Every structure is written in C-alpha cells, then in structure tokens.
Amino acid sequence: MSATPHPANGPLASPTVVTVGSLDQEGRGIARVDGKAVFVEGALPGEVVTITTLKRKPTYDIARADVVLKAAAARVAPRCPHFGVCGGCSMQHFDAGAQVAAKQRTLEDALWHLGHVRPQQVLPPIHGPAWEYRHRARLSVRYVPKKGGVLVGFHERKSSYVADMTSCAVLPRRISDLLPKLRVLVGELSVRDRLPQIELAVGDGPEAAHVLVLRILEPLAAYDEAALAAFADLHGVQFYVQPGGPATATPLRPTQARLAYTLPEFDLAFPYSPTEFTQVNPAINRVLVRRALALLDPRPGERVADFFCGMGNFSLPIARRGATVVGVEGSAALVRRAEENAALNGLSAQATFRVANLFAATPETVEALGPLDRILVDPPREGAIALVKALPGDGPPGRIVYVSCSPATLARDAAVLVHDHGYELAAAGVVNMFPHTAHVESIAVFGR
C-alpha cells in the first residue's frame, strides 16, 4: 500500500497520505506507513485519504481521516447530523450492504486466523432494516449548564462526554422525536443532576409499550412525579424509576401495560421487565431464531440443551418444535422469567430451566444434564470456552448451533470443537444485529 511517510520524529499533527486496504474489527480503515499498521477512523477500503495521527504505539498508529482524496464507491452520506461526534454509530458513511459484506469477511478472517477453521458453507447474511431498529438502548444524561441545560443521548466517540443530540436515526421514531423534549423535562426535575441514565425498552406491535427507565440517585419529589406523569400521558410513554440495581426498577404507575416481544412464527410471547436482557433488534431476532431452529433441526422425542438460555428466546421455540429442552443460565432472575414464559405459552412440560455458572462448566456438570442429542449455545462476548472444553470428545450431541456476538471468541471455541472434539464446522454466517456499527454477531453450526 502506498503512503507518503511522515518524519520519524515529526509532530503528531503532520498530515500523511495513505491508501486504505481493509477494515479492522472496530470499523477503522487499515493502511501502512513504512511497513507499520495505521488504523484510520473514518476511512473505507480502497480510499486514499490524508490523515492526522492521534496516537503512536511501537507496532501501530491510530489516526483519523481528514480529507478523502479518492472515495470508495461504497461511501455514502451519513443520515444522522450527529454522526462523527456521537459514538453510537461508527459506519453510517459505509453503504449498508457493504457493511454486511465487510462483517462477513471479519468473521471468516477470525475463524481462519484465530481458530484455523473454515466453514464448509458460508450462510447468507441475516440483515434487515438499517434505521429505527434499536428497541433497547441506554442513554446517558448530564446536566451541563454551559450547554444550555440537560443533554440526553449516547456518549461522544471515545469520550465520557454526552453528545449534544436532538435526534437519533437508529432509535424508534417516537423516541428520537422525544429527545429534545426529554432534555427539557429532565431539566425541570429536582433530581436533574442526580439522574445519570435513561434506559429504553420498546415492545412489539402497533400498541407496543415505550418504556423509559430513569436511573435516579435521589428520590423524586412529588412535583417530579406529577411532571413525569403528565409527560407520559402527553407522549404515550411509560416511566419506570430505578433507585438501585436493575431489580429495583418499578413502574411510576402500577397499572402500566406490560412489556413483551413476540415470535409469531412459533406462536410465542415473552413478557419481560425493561431492565432484563432482550435483543436490541426484534426484526433481526425473529429471523435469527428461525435460522437457528432450521440449523439445529430439533425433532420430537429428542433432548436439547440451550446454554446461556436467558428468558427462553431459543428454548421455547425448540420446545414448540416438539423436543424436550433444558435451558441453563447463570442468572436466577432470568431463569424465573424463562419458567414464567414457558408456563404462559403452555410449554412447562417440555421446557425446564436450571441456574448454573457456565463459565465454570466441567464434564461432570454437563453429564449431569443427562443425554443430549443437540445443543444450542448463545454466550456473551466472553464466549463459552469452559463449556466447549467440557463437552464429550465423541458421541452425542451430534449437532451444535453456536450464536455468537464476538468473532474472536467464536473462533477460539470453534478451534476446540473442531481440533479437540472432532466436530466439523458445517456452516457460518453473520447476523447484522447492529447496523452502522462494527459489532459482528454470527451463527455457526457444528456436526460430527
């Protein structure tokens, strides 16, 4: 890759011209200057840009793109006026289809370079609407008199400051339109400088509940509650208040409608609390569950384990297909919710749930679950290394579906399954759960 080198001891702000070859896992362009890797924020593959170096390390530099001398065909105008300042999105300047292709390359590169495995088949990517998709979000709140009062939004890029936002293109339209009004509302509360966060949860359907959880460090005054109630009535939202941990979140009005999401293909409904984990993108989650069930192919009479089961997002569809499923999860609260959801959907006889620390799984704890024909694994970013090491080296389960939110930990765990346990990586593909970000979710299926 060509570059105009900078002086070895020159000032950090000295401009450099580079040609970008690819993207890294954070969505930054990768170039080279004098053989040294340079990660360029705001640059796309194939572009020629001038950069300003922000940080120098012995083996790499971090820079930002200042002027695009030759633009990539996939460069587009960002929709959001706050792009580049707000840290919520990093890839709005990249065509949505090209984003998905880049994420597929990130997944394949991680599997090969980190796990030394290649899928026999690359699955078609799962993707959908690129805007107004976030039904879950945590918005920061800061009282900043110098900026006119209260700020409500995501953090600025690589900063603890809150971005000065008046809209957000990836939040539901109703919430985006409310951001300026929320700023005024919070500014009128007695706890305006003791309210650091608002958590958003939006349910399914045309009458879906729009819930805003206020994290408060001091009790609300009576006139605060009145102001919140009036705002809720005017704008069709519901407020919860959370004085402590997630379990302390309670509705401002006890009669409020319950939050829920649905999986219509499986005739399932999942009520949940606004602080409990659910997927941020319900449209993609529906397709993901359909894909996972197709790959897992559970049959009536089989026993299936769903590890890191949460509130039963995959467990209950597996049970609906006629298999017997045991869901295992580290959170007792989520296990209780999964049991409630199984009962609500008439599946308690086929779906049972257990609390266990899967990061400390052993062959003995896995064996104690009984014989398993198939398993599904949906771990957090840390992956499931203890669990995959604890699986038997031969025999059942004959098929494993692994839903991942980190290509690196998927690759690490895939290496154990393939090289140590004798599985084949039959297929893998990306799931674009977070459009306009560098976050890569994926799904893989392993067979004997």
# chains A, B, ... in the order shown; residues from 1 in each chain; ligands from 1
>>> select_by_dssp(residues="stretch 48-257 of chain A", states="strand (DSSP E)", output="NGL selection string")
:A and (48-56 or 60-70 or 121-122 or 136-144 or 149-153 or 197-202 or 210-215 or 238-242 or 250-251)
>>> closest_atom_pairs(of="stretch 215-287 of chain A", to="stretch 172-178 of chain A", cutoff="12 Å", atoms="only C-alpha atoms", output="CSV")
residue,atom,partner,partner_atom,distance
A:Phe231,CA,A:Leu178,CA,10.3
A:Ala232,CA,A:Leu178,CA,11.1
A:Leu234,CA,A:Leu178,CA,11.1
A:His235,CA,A:Leu178,CA,8.2
A:Gly236,CA,A:Arg174,CA,9.1
A:Val237,CA,A:Ile175,CA,9.0
A:Gln238,CA,A:Ile175,CA,11.7
A:Val280,CA,A:Pro172,CA,11.3
A:Asn281,CA,A:Pro172,CA,10.8
A:Pro282,CA,A:Pro172,CA,11.9
>>> closest_atom_pairs(of="stretch 269-342 of chain A", to="stretch 398-408 of chain A", cutoff="7 Å", atoms="only C-alpha atoms", output="CSV")
residue,atom,partner,partner_atom,distance
A:Ala292,CA,A:Val401,CA,6.8
A:Leu295,CA,A:Val401,CA,6.9
A:Leu296,CA,A:Val401,CA,6.0
>>> select_by_dssp(residues="stretch 202-387 of chain A", states="alpha helix (DSSP H)", output="PyMOL selection string")
chain A and resi 222-235+282-296+315-320+332-344+363-367+385-387
>>> atom_distance(atom1="atom CA of A:Ala351", atom2="atom CA of A:Ser442")
25.3 Å
>>> residues_around(residues="stretch 381-390 of chain A", least_positions_apart="3", cutoff="10 Å", atoms="only C-alpha atoms", output="VMD selection string")
chain A and resid 307 to 308 357 to 367 377 to 378 393 402 to 417 420 to 421 441
>>> closest_residue(among="A:Arg286, A:Arg32, A:Arg336, A:Arg320", to="A:Thr262", atoms="only C-alpha atoms")
A:Arg286
>>> residues_around(residues="stretch 244-253 of chain A", least_positions_apart="3", cutoff="8 Å", atoms="only C-alpha atoms", output="list in words")
Val213, Arg215, Ile216, Leu217, Glu225, Ala229, Gln238, Phe239, Tyr240, Val241, Gln256, Thr275 and Glu276 of chain A
>>> write_last_selection(atoms="N, CA and C atoms", output="short mmCIF file (atom, residue, chain, number, x, y, z; two decimals), in the first residue's frame")
data_model
loop_
_atom_site.label_atom_id
_atom_site.label_comp_id
_atom_site.auth_asym_id
_atom_site.auth_seq_id
_atom_site.Cartn_x
_atom_site.Cartn_y
_atom_site.Cartn_z
N VAL A 213 -36.73 3.98 31.58
CA VAL A 213 -36.34 3.71 32.96
C VAL A 213 -35.37 4.79 33.41
N ARG A 215 -32.78 6.12 35.90
CA ARG A 215 -31.85 5.73 36.97
C ARG A 215 -31.66 6.94 37.87
N ILE A 216 -32.20 6.89 39.07
CA ILE A 216 -32.17 8.06 39.96
C ILE A 216 -31.30 7.77 41.19
N LEU A 217 -30.52 8.76 41.59
CA LEU A 217 -29.64 8.63 42.75
C LEU A 217 -30.23 9.29 43.98
N GLU A 225 -42.86 13.62 40.14
CA GLU A 225 -43.75 12.54 39.73
C GLU A 225 -44.91 13.08 38.91
N ALA A 229 -45.69 12.07 35.04
CA ALA A 229 -47.00 11.52 34.67
C ALA A 229 -47.64 12.32 33.55
N GLN A 238 -44.15 5.23 28.98
CA GLN A 238 -44.26 4.80 30.36
C GLN A 238 -42.93 5.04 31.05
N PHE A 239 -42.97 5.50 32.29
CA PHE A 239 -41.76 5.71 33.06
C PHE A 239 -41.64 4.65 34.16
N TYR A 240 -40.42 4.14 34.31
CA TYR A 240 -40.03 3.37 35.49
C TYR A 240 -38.97 4.20 36.22
N VAL A 241 -38.84 3.97 37.52
CA VAL A 241 -37.75 4.58 38.28
C VAL A 241 -36.90 3.47 38.87
N GLN A 256 -49.51 0.18 34.58
CA GLN A 256 -48.99 0.27 33.21
C GLN A 256 -49.00 -1.08 32.51
N THR A 275 -35.48 -3.88 32.43
CA THR A 275 -34.04 -3.99 32.72
C THR A 275 -33.50 -5.39 32.47
N GLU A 276 -34.37 -6.33 32.03
CA GLU A 276 -33.90 -7.67 31.70
C GLU A 276 -33.37 -7.70 30.27
#
>>> closest_residue(among="A:Pro254, A:Met433, A:Asp224, A:Ala43", to="A:Pro125", atoms="only C-alpha atoms")
A:Met433
>>> residues_around(residues="stretch 73-77 of chain A", least_positions_apart="3", cutoff="6 Å", atoms="only C-alpha atoms", output="MDAnalysis selection string")
chainID A and resid 93:95
>>> write_last_selection(atoms="N, CA and C atoms", output="JSON list (two decimals), in the first residue's frame")
[["chain", "number", "residue", "atom", "x", "y", "z"],
["A", 93, "HIS", "N", -21.22, 6.14, 7.20],
["A", 93, "HIS", "CA", -20.66, 6.59, 5.92],
["A", 93, "HIS", "C", -20.41, 5.43, 4.96],
["A", 94, "PHE", "N", -20.76, 4.21, 5.36],
["A", 94, "PHE", "CA", -20.48, 2.99, 4.60],
["A", 94, "PHE", "C", -21.82, 2.40, 4.16],
["A", 95, "ASP", "N", -21.99, 2.15, 2.86],
["A", 95, "ASP", "CA", -23.22, 1.57, 2.34],
["A", 95, "ASP", "C", -23.64, 0.36, 3.17]]
>>> residues_around(residues="A:Gly346", least_positions_apart="6", cutoff="12 Å", atoms="only C-alpha atoms", output="list in words")
Asp267, Leu268, Ala269, Leu316, Pro317, Ala319, Arg320, Glu339 and Glu340 of chain A
>>> write_last_selection(atoms="C-alpha atoms", output="PDB file, in the first residue's frame")
ATOM      1  CA  ASP A 267     -46.835 -18.533  18.411  1.00  0.00           C
ATOM      2  CA  LEU A 268     -44.803 -17.305  21.384  1.00  0.00           C
ATOM      3  CA  ALA A 269     -44.964 -14.201  23.593  1.00  0.00           C
ATOM      4  CA  LEU A 316     -39.289 -22.119  23.837  1.00  0.00           C
ATOM      5  CA  PRO A 317     -39.130 -22.342  20.017  1.00  0.00           C
ATOM      6  CA  ALA A 319     -39.901 -26.910  22.738  1.00  0.00           C
ATOM      7  CA  ARG A 320     -42.589 -25.730  20.313  1.00  0.00           C
ATOM      8  CA  GLU A 339     -40.102 -20.551  33.643  1.00  0.00           C
ATOM      9  CA  GLU A 340     -42.895 -17.971  33.686  1.00  0.00           C
TER      10      GLU A 340
END
>>> atom_distance(atom1="atom CA of A:Thr324", atom2="atom CA of A:Gly447")
19.9 Å
>>> closest_residue(among="A:Lys181, A:Val152, A:Val33, A:Glu199", to="A:Asp164", atoms="only C-alpha atoms")
A:Val152
>>> atom_distance(atom1="atom CA of A:Ser331", atom2="atom CA of A:Ala356")
8.0 Å
>>> closest_residue(among="A:Arg258, A:Arg192, A:His436, A:Arg79", to="A:Gln99", atoms="only C-alpha atoms")
A:His436
>>> residues_around(residues="A:Gly97", least_positions_apart="3", cutoff="10 Å", atoms="only C-alpha atoms", output="PDB file with C-alpha atoms, in the first residue's frame")
ATOM      1  CA  ALA A  74     -19.417   2.293  -1.040  1.00  0.00           C
ATOM      2  CA  PHE A  94     -20.484   2.994   4.605  1.00  0.00           C
ATOM      3  CA  VAL A 100     -22.672  -6.660   5.870  1.00  0.00           C
ATOM      4  CA  ALA A 101     -20.073  -7.923   3.382  1.00  0.00           C
ATOM      5  CA  ALA A 102     -17.271  -6.424   5.493  1.00  0.00           C
ATOM      6  CA  HIS A 127     -29.913  -8.454   7.768  1.00  0.00           C
ATOM      7  CA  ALA A 130     -30.961  -0.313   8.953  1.00  0.00           C
ATOM      8  CA  PRO A 435     -26.371  -1.849  11.557  1.00  0.00           C
TER       9      PRO A 435
END
>>> closest_residue(among="A:Pro196, A:Pro124, A:Gly330, A:Pro271", to="A:Ala343", atoms="only C-alpha atoms")
A:Pro271
>>> closest_residue(among="A:Val325, A:Leu288, A:Ala283, A:Ala338", to="A:Ala444", atoms="only C-alpha atoms")
A:Leu288
